[in-house]
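Below is protein-v5.cif, which holds mmCIF, C-alpha atoms and all ligand atoms.
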data_start
loop_
_atom_site.label_atom_id
_atom_site.label_comp_id
_atom_site.auth_asym_id
_atom_site.auth_seq_id
_atom_site.Cartn_x
_atom_site.Cartn_y
_atom_site.Cartn_z
CA MET U 1 21.28 -13.01 24.31
CA SER U 2 24.41 -13.69 26.35
CA VAL U 3 27.40 -15.97 26.33
CA ILE U 4 27.34 -17.91 29.61
CA ILE U 5 30.72 -18.93 31.01
CA PHE U 6 30.92 -21.70 33.58
CA LEU U 7 33.75 -21.18 36.06
CA GLU U 8 35.13 -24.10 38.07
CA ASN U 9 36.17 -23.36 41.64
CA THR U 10 37.62 -25.21 44.59
CA GLY U 11 36.24 -24.03 47.92
CA GLY U 12 35.33 -20.62 46.45
CA LYS U 13 38.69 -20.09 44.73
CA LEU U 14 38.63 -20.05 40.94
CA LYS U 15 40.60 -22.79 39.20
CA LYS U 16 43.15 -22.02 36.48
CA SER U 17 40.69 -23.28 33.86
CA ALA U 18 38.20 -20.60 34.95
CA PHE U 19 40.47 -17.87 33.58
CA GLU U 20 40.81 -19.72 30.28
CA THR U 21 37.03 -20.08 29.94
CA LEU U 22 36.59 -16.40 30.86
CA THR U 23 39.05 -15.33 28.15
CA TYR U 24 37.41 -17.62 25.62
CA GLY U 25 33.87 -16.58 26.61
CA TYR U 26 34.69 -12.88 26.36
CA LYS U 27 36.15 -13.31 22.87
CA THR U 28 33.19 -15.43 21.78
CA ALA U 29 30.82 -12.73 23.05
CA GLN U 30 32.74 -10.16 21.01
CA GLU U 31 32.49 -12.36 17.93
CA LEU U 32 28.73 -12.72 18.50
CA GLN U 33 28.42 -9.03 19.39
CA THR U 34 26.87 -9.71 22.76
CA ASN U 35 27.78 -9.64 26.46
CA CYS U 36 29.06 -12.41 28.73
CA ILE U 37 27.91 -13.66 32.11
CA ALA U 38 29.91 -15.90 34.44
CA VAL U 39 28.27 -18.62 36.51
CA THR U 40 29.75 -20.81 39.21
CA ILE U 41 28.62 -23.19 41.94
CA GLY U 42 28.66 -22.06 45.57
CA ASP U 43 29.47 -18.75 47.19
CA CYS U 44 32.12 -17.11 45.03
CA SER U 45 31.12 -13.52 45.73
CA SER U 46 34.67 -12.85 46.96
CA GLN U 47 35.82 -13.54 43.38
CA GLN U 48 33.67 -10.78 41.89
CA GLU U 49 36.50 -8.28 41.44
CA THR U 50 38.72 -10.96 39.93
CA VAL U 51 36.05 -11.99 37.43
CA ALA U 52 35.46 -8.31 36.53
CA LYS U 53 39.02 -8.13 35.19
CA TYR U 54 38.13 -10.64 32.47
CA GLY U 55 35.16 -8.88 30.94
CA ALA U 56 32.12 -10.65 32.42
CA GLU U 57 29.28 -8.25 33.19
CA LYS U 58 27.68 -10.39 35.85
CA LEU U 59 28.75 -13.17 38.21
CA ILE U 60 26.00 -15.61 39.18
CA CYS U 61 26.72 -17.86 42.16
CA ILE U 62 24.42 -20.89 42.22
CA ASP U 63 23.31 -21.71 45.76
CA ASN U 64 24.71 -25.20 46.32
CA SER U 65 22.84 -25.93 49.55
CA LEU U 66 20.03 -27.61 47.60
CA LEU U 67 22.24 -29.39 45.08
CA ASP U 68 23.73 -32.86 45.37
CA CYS U 69 26.68 -31.35 43.51
CA ASP U 70 26.78 -34.30 41.15
CA ASN U 71 26.72 -34.07 37.33
CA GLN U 72 22.95 -34.26 37.14
CA SER U 73 22.02 -31.50 39.57
CA THR U 74 24.95 -29.29 38.53
CA SER U 75 24.00 -29.45 34.85
CA GLU U 76 20.32 -28.82 35.62
CA ALA U 77 21.18 -25.74 37.70
CA ILE U 78 23.51 -24.32 35.03
CA SER U 79 20.89 -24.99 32.35
CA GLN U 80 18.36 -23.00 34.38
CA VAL U 81 20.79 -20.05 34.51
CA TYR U 82 21.42 -20.39 30.77
CA LYS U 83 17.69 -20.21 30.00
CA LYS U 84 17.03 -17.38 32.50
CA GLU U 85 19.83 -15.28 30.99
CA ASN U 86 18.73 -16.05 27.45
CA GLY U 87 22.04 -17.76 26.61
CA VAL U 88 23.18 -18.22 23.05
CA ALA U 89 26.40 -20.10 23.85
CA LEU U 90 27.80 -21.78 26.94
CA VAL U 91 31.53 -22.07 27.50
CA LEU U 92 33.07 -24.56 29.92
CA SER U 93 36.35 -26.38 30.31
CA ASN U 94 36.84 -29.79 28.69
CA SER U 95 38.16 -30.89 32.09
CA SER U 96 37.15 -33.95 34.09
CA TYR U 97 34.52 -31.70 35.71
CA GLY U 98 33.27 -30.15 32.46
CA LYS U 99 33.28 -33.30 30.31
CA PRO U 100 30.28 -35.03 31.91
CA ILE U 101 28.14 -31.91 32.41
CA GLY U 102 28.66 -30.29 28.99
CA PRO U 103 26.60 -32.81 26.98
CA LYS U 104 23.86 -32.87 29.65
CA ILE U 105 23.53 -29.08 29.51
CA ALA U 106 23.43 -29.28 25.71
CA VAL U 107 20.48 -31.69 25.87
CA GLN U 108 18.68 -29.64 28.53
CA CYS U 109 19.14 -26.40 26.53
CA GLN U 110 18.55 -27.96 23.09
CA ALA U 111 22.05 -26.90 22.13
CA SER U 112 24.73 -28.61 20.09
CA PHE U 113 27.89 -29.73 21.89
CA ILE U 114 31.40 -29.14 20.54
CA SER U 115 34.27 -30.52 22.62
CA ASN U 116 38.06 -30.10 22.61
CA VAL U 117 37.76 -26.61 21.15
CA ILE U 118 41.06 -24.77 20.71
CA GLU U 119 40.07 -21.58 18.88
CA VAL U 120 37.51 -18.83 19.28
CA PRO U 121 34.68 -19.17 16.73
CA SER U 122 35.25 -17.30 13.52
CA SER U 123 32.16 -16.91 11.33
CA LEU U 124 30.64 -19.49 13.73
CA LYS U 125 33.27 -22.14 12.83
CA VAL U 126 35.56 -23.48 15.57
CA ARG U 127 38.79 -25.44 15.40
CA LYS U 128 38.95 -28.50 17.65
CA LYS U 129 41.39 -31.26 18.44
CA SER U 130 40.61 -34.81 17.42
CA PHE U 131 42.37 -38.20 17.49
CA SER U 132 44.05 -37.32 20.82
CA GLY U 133 45.51 -34.14 19.35
CA LYS U 134 46.92 -35.85 16.22
CA ALA U 135 44.46 -34.05 13.94
CA PHE U 136 42.29 -30.95 13.87
CA GLU U 137 38.70 -30.51 12.76
CA TYR U 138 36.54 -27.50 12.04
CA ALA U 139 33.01 -27.66 13.36
CA GLN U 140 29.95 -25.48 13.18
CA SER U 141 26.80 -25.71 15.23
CA GLN U 142 23.67 -26.43 13.24
CA LEU U 143 21.51 -25.23 16.14
CA GLU U 144 21.00 -21.73 17.47
CA ASN U 145 22.44 -22.68 20.87
CA VAL U 146 25.83 -24.26 21.38
CA VAL U 147 27.98 -25.56 24.24
CA TYR U 148 31.73 -25.16 23.71
CA ALA U 149 33.99 -27.34 25.87
CA ILE U 150 37.43 -25.81 25.54
CA SER U 151 40.62 -27.80 25.73
CA PRO U 152 42.58 -26.92 28.91
CA ASN U 153 45.73 -24.82 28.42
CA SER U 154 44.88 -23.93 24.83
CA PHE U 155 44.41 -20.21 25.40
CA TYR U 156 46.55 -17.48 26.82
CA VAL U 157 44.60 -15.74 29.55
CA GLU U 158 43.90 -12.08 28.73
CA GLU U 159 42.42 -9.40 30.93
CA ASN U 160 39.53 -7.25 29.69
CA PRO U 161 38.58 -5.16 32.73
CA GLY U 162 35.06 -3.81 33.13
CA SER U 163 32.33 -3.32 35.72
CA ILE U 164 30.42 -6.27 37.12
CA SER U 165 27.39 -7.08 39.26
CA SER U 166 26.76 -10.29 41.16
CA GLU U 167 23.75 -12.28 42.29
CA THR U 168 22.86 -15.59 43.87
CA PHE U 169 20.69 -18.03 41.98
CA THR U 170 18.61 -20.76 43.59
CA ALA U 171 17.78 -23.58 41.21
CA SER U 172 14.26 -25.01 41.37
CA ASN U 173 12.73 -28.45 40.77
CA ILE U 174 16.06 -30.25 40.58
CA GLY U 175 15.21 -33.92 40.12
CA GLU U 176 16.56 -36.55 42.47
CA SER U 177 19.96 -37.77 41.32
CA SER U 178 20.12 -41.28 39.92
CA VAL U 179 23.61 -41.75 41.35
CA LYS U 180 24.45 -41.15 45.00
CA LEU U 181 27.94 -40.04 45.95
CA ILE U 182 28.98 -42.29 48.82
CA ASN U 183 32.52 -41.25 49.48
CA LEU U 184 35.18 -38.93 48.09
CA GLU U 185 38.84 -39.89 48.28
CA LYS U 186 41.04 -37.04 47.15
CA SER U 187 44.39 -37.80 45.54
CA VAL U 188 47.24 -36.72 47.75
CA GLY U 189 49.58 -35.04 45.23
CA LYS U 190 50.81 -31.62 46.33
CA VAL U 191 50.01 -30.01 42.97
CA SER U 192 46.87 -31.00 41.06
CA LEU U 193 47.83 -32.66 37.75
CA ALA U 194 45.08 -30.90 35.82
CA GLU U 195 46.17 -27.48 37.09
CA ALA U 196 49.95 -28.01 37.06
CA GLU U 197 52.05 -25.70 34.87
CA VAL U 198 54.90 -28.20 35.05
CA VAL U 199 54.61 -32.01 35.28
CA ILE U 200 57.43 -34.44 36.07
CA SER U 201 56.53 -37.92 34.91
CA ALA U 202 58.39 -41.20 35.12
CA GLY U 203 58.05 -44.68 33.71
CA ARG U 204 59.33 -48.20 34.05
CA GLY U 205 62.85 -46.95 33.35
CA LEU U 206 62.99 -45.93 37.01
CA LYS U 207 63.12 -49.64 38.00
CA GLY U 208 61.06 -49.40 41.19
CA PRO U 209 58.95 -47.20 43.51
CA GLU U 210 61.92 -46.68 45.85
CA ASN U 211 63.51 -44.46 43.17
CA TRP U 212 60.66 -41.94 42.97
CA HIS U 213 62.26 -39.72 45.61
CA MET U 214 64.24 -37.99 42.85
CA VAL U 215 61.08 -37.40 40.79
CA GLU U 216 59.42 -35.86 43.85
CA GLU U 217 62.45 -33.76 44.68
CA LEU U 218 62.60 -32.40 41.13
CA ALA U 219 58.84 -31.75 41.23
CA ASP U 220 59.17 -29.86 44.53
CA LEU U 221 61.91 -27.66 43.10
CA LEU U 222 59.78 -26.77 40.08
CA ASN U 223 56.46 -26.61 41.96
CA ALA U 224 55.35 -29.35 39.58
CA GLY U 225 52.79 -32.14 39.62
CA THR U 226 53.95 -35.76 39.41
CA ALA U 227 52.70 -38.27 36.83
CA CYS U 228 53.59 -41.74 35.56
CA SER U 229 53.08 -44.15 32.69
CA LYS U 230 50.29 -46.74 32.80
CA PRO U 231 52.41 -49.82 33.67
CA VAL U 232 53.86 -47.93 36.63
CA SER U 233 50.44 -47.38 38.16
CA ASP U 234 49.25 -50.86 37.10
CA ILE U 235 52.12 -52.47 39.05
CA GLY U 236 51.26 -50.27 42.02
CA TRP U 237 54.48 -48.22 42.10
CA ARG U 238 52.39 -45.03 41.92
CA PRO U 239 48.69 -44.21 42.49
CA HIS U 240 46.30 -44.49 39.53
CA SER U 241 45.52 -40.78 39.83
CA GLU U 242 49.02 -40.14 38.39
CA HIS U 243 48.56 -42.29 35.28
CA VAL U 244 48.59 -40.09 32.19
CA GLY U 245 47.80 -41.09 28.62
CA GLN U 246 45.00 -42.33 26.45
CA THR U 247 43.46 -44.36 29.25
CA GLY U 248 44.58 -42.05 32.04
CA VAL U 249 44.48 -38.33 32.67
CA ALA U 250 45.01 -36.08 29.63
CA ILE U 251 47.16 -33.10 30.54
CA ALA U 252 48.44 -29.99 28.79
CA PRO U 253 51.06 -28.34 31.03
CA ASN U 254 53.53 -25.73 29.83
CA LEU U 255 56.40 -28.14 30.53
CA TYR U 256 56.28 -31.97 30.62
CA ILE U 257 59.44 -33.84 31.62
CA ALA U 258 59.27 -37.59 30.90
CA ILE U 259 61.91 -39.69 32.64
CA GLY U 260 62.45 -43.33 31.61
CA ILE U 261 59.24 -43.40 29.54
CA SER U 262 59.46 -45.01 26.09
CA GLY U 263 56.92 -42.70 24.43
CA ALA U 264 54.34 -45.25 23.30
CA ILE U 265 51.52 -43.75 21.24
CA GLN U 266 49.01 -44.41 24.04
CA HIS U 267 51.17 -42.44 26.47
CA LEU U 268 51.74 -39.55 24.05
CA ALA U 269 48.00 -39.34 23.39
CA GLY U 270 47.49 -37.90 26.86
CA VAL U 271 50.50 -35.58 27.03
CA ASN U 272 51.22 -34.32 23.52
CA SER U 273 49.25 -31.12 24.09
CA SER U 274 52.00 -30.00 26.48
CA LYS U 275 53.61 -26.77 25.31
CA VAL U 276 57.18 -28.11 25.73
CA MET U 277 58.15 -31.78 26.19
CA VAL U 278 61.50 -32.99 27.47
CA ALA U 279 62.45 -36.68 27.39
CA VAL U 280 65.18 -38.32 29.45
CA ASN U 281 65.95 -41.79 28.16
CA ILE U 282 68.96 -44.07 28.06
CA ASP U 283 67.97 -45.43 24.63
CA PRO U 284 68.68 -43.01 21.76
CA GLU U 285 66.07 -44.87 19.68
CA ALA U 286 63.28 -44.34 22.23
CA PRO U 287 60.14 -43.13 20.37
CA PHE U 288 59.73 -40.26 22.85
CA PHE U 289 62.64 -38.45 21.22
CA LYS U 290 60.59 -38.07 18.00
CA ALA U 291 57.83 -36.25 19.89
CA ALA U 292 59.93 -34.29 22.40
CA ASP U 293 61.11 -30.69 21.95
CA TYR U 294 64.28 -31.48 23.92
CA GLY U 295 65.88 -34.84 24.54
CA ILE U 296 68.52 -35.93 27.03
CA ILE U 297 70.09 -39.27 26.14
CA GLY U 298 71.39 -40.67 29.38
CA ASP U 299 70.81 -42.74 32.49
CA ALA U 300 68.05 -41.17 34.58
CA PHE U 301 69.99 -42.06 37.74
CA GLU U 302 72.79 -39.76 36.58
CA VAL U 303 70.83 -37.12 34.67
CA VAL U 304 68.06 -36.36 37.19
CA PRO U 305 70.38 -35.80 40.21
CA ARG U 306 72.44 -33.45 38.03
CA ILE U 307 69.34 -31.46 37.04
CA ILE U 308 68.36 -31.29 40.72
CA ASP U 309 71.83 -30.04 41.74
CA SER U 310 71.82 -27.41 38.98
CA LEU U 311 68.38 -26.19 39.98
CA LYS U 312 69.40 -25.95 43.64
CA LYS U 313 72.48 -23.93 42.71
CA PHE U 314 70.41 -21.70 40.43
CA LYS U 315 67.89 -21.07 43.22
CA GLU U 316 70.65 -20.30 45.74
CA ASN U 317 72.12 -17.69 43.43
CA ASN U 318 68.84 -16.03 42.43
C1 LIG W 401 44.76 -49.94 24.93
C2 LIG W 401 46.03 -49.43 25.58
C3 LIG W 401 45.97 -48.28 26.32
C4 LIG W 401 47.12 -47.77 26.93
N1 LIG W 401 47.05 -46.60 27.63
C5 LIG W 401 48.20 -46.10 28.16
C6 LIG W 401 48.17 -44.84 28.84
O1 LIG W 401 47.13 -44.21 28.99
N2 LIG W 401 49.33 -44.38 29.34
C7 LIG W 401 50.53 -45.05 29.21
O2 LIG W 401 51.55 -44.54 29.70
N3 LIG W 401 50.55 -46.22 28.57
C8 LIG W 401 49.44 -46.77 28.06
N4 LIG W 401 49.48 -47.98 27.44
C9 LIG W 401 50.75 -48.73 27.51
C10 LIG W 401 51.75 -48.28 26.46
O3 LIG W 401 51.52 -48.94 25.23
C11 LIG W 401 53.19 -48.58 26.93
O4 LIG W 401 53.30 -49.96 27.16
C12 LIG W 401 53.60 -47.83 28.19
O5 LIG W 401 53.37 -46.46 28.02
C13 LIG W 401 55.06 -48.07 28.47
O6 LIG W 401 55.40 -47.54 29.71
P1 LIG W 401 56.89 -47.10 30.02
O7 LIG W 401 57.37 -46.21 28.95
O8 LIG W 401 56.92 -46.62 31.43
O9 LIG W 401 57.66 -48.51 30.02
P2 LIG W 401 58.63 -49.18 28.95
O10 LIG W 401 57.97 -49.34 27.64
O11 LIG W 401 59.15 -50.39 29.61
O12 LIG W 401 59.79 -48.12 28.73
C14 LIG W 401 60.74 -47.80 29.70
C15 LIG W 401 61.69 -46.80 29.08
O13 LIG W 401 62.66 -46.45 30.04
C16 LIG W 401 63.92 -46.36 29.40
N5 LIG W 401 64.94 -46.61 30.43
C17 LIG W 401 65.29 -47.79 31.01
N6 LIG W 401 66.26 -47.58 31.93
C18 LIG W 401 66.50 -46.25 31.94
C19 LIG W 401 67.38 -45.41 32.67
N7 LIG W 401 68.19 -45.91 33.63
N8 LIG W 401 67.38 -44.09 32.42
C20 LIG W 401 66.59 -43.56 31.46
N9 LIG W 401 65.74 -44.31 30.73
C21 LIG W 401 65.68 -45.62 30.97
C22 LIG W 401 63.89 -47.42 28.32
O14 LIG W 401 64.83 -47.13 27.29
C23 LIG W 401 62.45 -47.33 27.86
O15 LIG W 401 62.33 -46.41 26.79
C24 LIG W 401 48.34 -48.48 26.82
C25 LIG W 401 48.37 -49.65 26.07
C26 LIG W 401 47.23 -50.13 25.45
C27 LIG W 401 47.32 -51.39 24.64
#
What is this structure when it is put down as structure tokens?
Ligand SMILES: Cc1cc2nc3c(=O)[nH]c(=O)nc-3n(C[C@H](O)[C@H](O)[C@H](O)COP(=O)(O)OP(=O)(O)OC[C@H]3O[C@@H](n4cnc5c(N)ncnc54)[C@H](O)[C@@H]3O)c2cc1C
Amino acid sequence: MSVIIFLENTGGKLKKSAFETLTYGYKTAQELQTNCIAVTIGDCSSQQETVAKYGAEKLICIDNSLLDCDNQSTSEAISQVYKKENGVALVLSNSSYGKPIGPKIAVQCQASFISNVIEVPSSLKVRKKSFSGKAFEYAQSQLENVVYAISPNSFYVEENPGSISSETFTASNIGESSVKLINLEKSVGKVSLAEAEVVISAGRGLKGPENWHMVEELADLLNAGTACSKPVSDIGWRPHSEHVGQTGVAIAPNLYIAIGISGAIQHLAGVNSSKVMVAVNIDPEAPFFKAADYGIIGDAFEVVPRIIDSLKKFKENN
């Protein structure tokens, strides 16, 4: 019996979420008094030493040359590893990558599926977010096998160094995918929103797309991702990939700075898992101030350039 941890990677480099799943998987294995095995897609053998620092005993790289690398073939291949390694629990990120494959793996492995998990199981019970983070639930698998999809940025990454082996796995009898990927258009942001530690977001209060230069400048200074409210992407001021909220991307950075965003419930639903939220708004009654940790009441066109100047001075002197 092993806990199987699925690690997401980009071009062979582990994503930030991979370290969170490793930490979670290791702790779950301890709770279940078993070992943990990491699995990823493609050749990640160069990551073996890195993975060893987080307590996995084995790294399995699934040969992707035979996979379509869509949800269907990816989940089938991971399920095969799960069964081969006699898995008892599978841990993956509740990310846009993990969300569609988690339930498929659960069906293929006759496991239950628990999403949005934010705590390591204790006596088999886990705490999870619900209602867009407005409430918490405790859940327990009624089956022997379980897939945990953990909420991004909910765990501090911890090292647990040990020795590790690695192997390549070739999946067999992968059925033909029912959906064919025709084209992939990557969003052009410098920092991926899902991975960003800091996100600078702006709304209709910025009046027009020509004013986004200050958002981008602030984001550059803080090595941050850029985001926006729904109406901003609907009008076409910013790409849809930047739209955060209930109907957009859900994010959980360490710092979220919202400029000229009212703080509607649908917007907050996608950002209120951020560790620290700062709102800049000209209206002292803006709902965002009730949710934010820090609020700056003021005109964005005065406040943001001042923050930029202060940051530049700070960087020059440090
Ligand atoms: C089913 C549904 C789903 C939705 N999903 C989403 C979603 O996923 N994400 C999302 O964002 N919205 C979503 N919405 C829309 C949401 O309800 C709000 O309408 C939207 O978030 C408002 O965007 P905003 O704050 O940019 O604009 P506004 O509501 O127009 O607010 C602009 C803010 O800027 C401030 N402001 C104006 N001038 C300045 C200035 N010079 N300096 C500083 N502040 C200034 C104003 O005081 C105001 O608070 C959804 C709505 C529905 C019905």
Padding of 4 Å on every side, edges along x, y and z, all listed atoms of ligand LIG 401 (chain W) included: what centre and edge lengths in Å, to one decimal, does that box have, as JSON?
{"center_x": 56.5, "center_y": -47.5, "center_z": 29.1, "size_x": 31.4, "size_y": 15.8, "size_z": 17.0}
Within-7 Å residues of ligand LIG 401 (chain W), basis all atoms listed in the file, as a ChimeraX atom specification: /U:202-206,228-232,243-248,259-267,270,280-283,286,298-301
Using all atoms listed in the file, what residues lie at most 9 Å away from (28.7, -23.1, 30.1) (file coordinates), given as number ranges by chain? U: 3-7, 21, 38-39, 78-79, 82, 89-93, 98, 102, 105, 147-149
So how far away is atom CA of Leu59 of chain U from atom CA of Ser192 of chain U, in Å? 25.6 Å
List the spatial neighbours of Phe19 of chain U as a list in words - criterion: any atom at most 9 Å away, all atoms listed in the file, same-chain residues fewer than 5 positions off excluded.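 Selected residues are Leu7, Leu14, Tyr24, Val51, Tyr54, Val157 and Glu158 of chain U.
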So which one's closest to Val303 of chain U, U:Lys15, U:Lys190, U:Met214, U:Cys61? Using all atoms listed in the file, please. U:Met214
Which residue, U:Ser177, U:Thr226, U:Ser141, U:Asn9, has the smallest gap to Gln47 of chain U when you use only C-alpha atoms? U:Asn9
Using all atoms listed in the file, the shortest atom-to-atom distance to Ala135 of chain U among U:Asn318, U:Asn211, U:Ser2, U:Ser273 belongs to U:Ser273
Tell me which protein, DNA and RNA residues are within 12 Å of Gln33 of chain U, counting only C-alpha atoms, leaving out same-chain ones fewer than 2 positions away, and put them as number ranges by chain. U: 1-3, 25-31, 35-36, 88, 123
Which residues come within 8 Å of Leu143 of chain U, counting only C-alpha atoms, excluding same-chain residues fewer than 3 positions away, as a PyMOL selection string? chain U and resi 111-112+146
Atom CA of Gly175 of chain U and atom CA of Glu76 of chain U are how many Å apart?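 Going from atom CA of Gly175 of chain U over to atom CA of Glu76 of chain U, I get 8.5 Å.
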Need to verify the contact set: Lys180 of chain U, 10 Å, all atoms listed in the file, exclusion of same-chain residues closer than 3 positions in sequence. Can you return it as a ChimeraX atom specification? /U:68,70,176-177,183
Can you work out which one of U:Ser165, U:Ser115, U:Gln48, U:Asn223 has the shortest atom-to-atom distance to Val198 of chain U, counting all atoms listed in the file?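 Answer, going by the shortest atom-to-atom distance: U:Asn223.
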What does the distance from atom CA of Lys84 of chain U to atom CA of Gln72 of chain U come to in Å, to one decimal?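 If I compute the distance from atom CA of Lys84 of chain U to atom CA of Gln72 of chain U, I get 18.5 Å.
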